[in-house]
Amino acid sequence: MALVSEFLGQLSLNHEPLYPTVVPARDFDPDRDAARIETAIKTKGVDEQTIIDVLTKRSYSQRREIAFAYEKRAKKDMITALKAALSGNLETVILGLMKSTSQYDASEIRGSIKGLGTDEETLIEILCSRSNDELVEIKKVYMFKKDLAKDVAGDTSGNFAKLLLALVDTKRDEPSAIVDYEKIDADARALYDAGVKIKGTDVNTWISIMSQRSVPHLRKVFDKYKSYSPYDMQESIVKEVKGDLQKSFLVLGTIHLFFHNPLDFGKGAKEKILTRIIVSRCEVDLKKICSEYKGTFGQSLQQTITEHTKGDYQKAMLSLCGPDQ
């Protein structure tokens, strides 16, 4: 499945405001919501609409309160009950919402590397697009017998592994209100000297700068880079490296979540990507992602979802995205 060069939704950074589409519900009553969920599950044929209406319009902490209230009244675990009542993509979405953002990301990473083969695309999307604080939280909840770094090291190799492990090491500088113009210039020149200027590529220099500098600093570095190179940073990445390393640098080089062209949406793997991005970012920066998507592709993400999905899965996705603006 080919990646396109467009990248969406600037990630929220430390000390920057969030842009969620899912926020805590007002007049929240976990007991009332738990009763609605219990009735919806017991209804003949299952009332999926009520489950969607409740769980896609509550924050993670509110969903946890609902789960506690449900267990108290129904004497059974709500997640287990939901898993038995639902199926397909809707089940994946709802069960994903019952995890915190960091728990969800950690489970997606684990799912991408266990068993035969490795889903490099998932590793790249999550590890290359999360902030330092988000990666720290992912590592804390990554409780699958091994730690995150060991799992990544065991399933990747070469410079691709070096880059991912450098990110997992979470040594990225914290954003600062002080702009260091000399360092910006030095980093921009170093990226040029290590790539376009020479034959071959000094990948270690690129890895060091892209994994250790703060995101606001990198944005300024990439702007400055254009004063040294005849190509912008994205063009330089495409010229200098290939494969998974190129995809990773493209995410880091634009500091955007990547999305696929609207025409790429369809069954199976592409719906998995759609689910992962929307569920993982709905309480972080999905509103910004939707805005960037519309600016990039000329139509809203909501419109794309309407055209390429159907049924209860479509209803859940649209509910998490919020109104088309």
# chains A, B, ... in the order shown; residues from 1 in each chain; ligands from 1

call {"tool": "residues_around", "arguments": {"residues": "Val136 in chain A", "least_positions_apart": "6", "cutoff": "12 Å", "atoms": "only C-alpha atoms", "output": "list in words"}}
result
Ser102, Gln103, Asp105, Ala106, Leu127, Arg130, Tyr142, Leu148, Ala149, Leu167, Val168, Asp169, Thr170, Lys171 and Arg172 of chain A

call {"tool": "residues_around", "arguments": {"residues": "range 244-253 of chain A", "least_positions_apart": "5", "cutoff": "7 Å", "atoms": "only C-alpha atoms", "output": "list in words"}}
result
Ile124, Cys128, Ser129, Phe160, Met210, Met233, Gln234, Ile237, Val238 and Phe258 of chain A

call {"tool": "atom_distance", "arguments": {"atom1": "CA of Lys99 in chain A", "atom2": "CA of Asp133 in chain A"}}
result
17.7 Å

call {"tool": "closest_residue", "arguments": {"among": "A:Val241, A:Ile37, A:Ile178, A:Cys321", "to": "Ile79 in chain A", "atoms": "only C-alpha atoms"}}
result
A:Ile37

call {"tool": "atom_distance", "arguments": {"atom1": "CA of Ser112 in chain A", "atom2": "CA of Leu163 in chain A"}}
result
17.2 Å

call {"tool": "closest_residue", "arguments": {"among": "A:Lys57, A:Lys310, A:Lys315, A:Arg281", "to": "Ile126 in chain A", "atoms": "only C-alpha atoms"}}
result
A:Arg281

call {"tool": "residues_around", "arguments": {"residues": "Thr275 in chain A", "least_positions_apart": "5", "cutoff": "9 Å", "atoms": "only C-alpha atoms", "output": "list in words"}}
result
Asn89, Thr92, Val93, Gly96, Lys270, Ser280 and Met317 of chain A

call {"tool": "write_last_selection", "arguments": {"atoms": "N, CA and C atoms", "output": "PDB file, in the first residue's frame"}}
result
ATOM      1  N   ASN A  89     -15.407  -3.865  12.443  1.00  0.00           N
ATOM      2  CA  ASN A  89     -14.738  -2.581  12.654  1.00  0.00           C
ATOM      3  C   ASN A  89     -15.319  -1.801  13.828  1.00  0.00           C
ATOM      4  N   THR A  92     -13.735  -2.976  16.961  1.00  0.00           N
ATOM      5  CA  THR A  92     -12.372  -2.456  17.057  1.00  0.00           C
ATOM      6  C   THR A  92     -12.356  -1.020  17.564  1.00  0.00           C
ATOM      7  N   VAL A  93     -13.254  -0.196  17.043  1.00  0.00           N
ATOM      8  CA  VAL A  93     -13.331   1.206  17.449  1.00  0.00           C
ATOM      9  C   VAL A  93     -13.720   1.335  18.918  1.00  0.00           C
ATOM     10  N   GLY A  96     -11.140   0.095  21.293  1.00  0.00           N
ATOM     11  CA  GLY A  96     -10.022   1.034  21.285  1.00  0.00           C
ATOM     12  C   GLY A  96     -10.299   2.240  22.160  1.00  0.00           C
ATOM     13  N   LYS A 270      -6.635  -0.311   4.948  1.00  0.00           N
ATOM     14  CA  LYS A 270      -6.833   1.137   4.940  1.00  0.00           C
ATOM     15  C   LYS A 270      -7.826   1.565   6.016  1.00  0.00           C
ATOM     16  N   SER A 280      -6.862   7.191  18.108  1.00  0.00           N
ATOM     17  CA  SER A 280      -5.704   7.606  18.914  1.00  0.00           C
ATOM     18  C   SER A 280      -5.605   9.121  19.065  1.00  0.00           C
ATOM     19  N   MET A 317     -17.096   6.608  13.262  1.00  0.00           N
ATOM     20  CA  MET A 317     -16.005   7.451  12.754  1.00  0.00           C
ATOM     21  C   MET A 317     -16.444   8.909  12.653  1.00  0.00           C
TER      22      MET A 317
END

call {"tool": "select_by_dssp", "arguments": {"residues": "range 66-154 of chain A", "states": "helix (DSSP H, G or I)", "output": "ChimeraX atom specification"}}
result
/A:66-74,78-85,88-97,101-113,120-129,132-141,148-154

call {"tool": "atom_distance", "arguments": {"atom1": "CA of Pro323 in chain A", "atom2": "CA of Glu125 in chain A"}}
result
25.3 Å
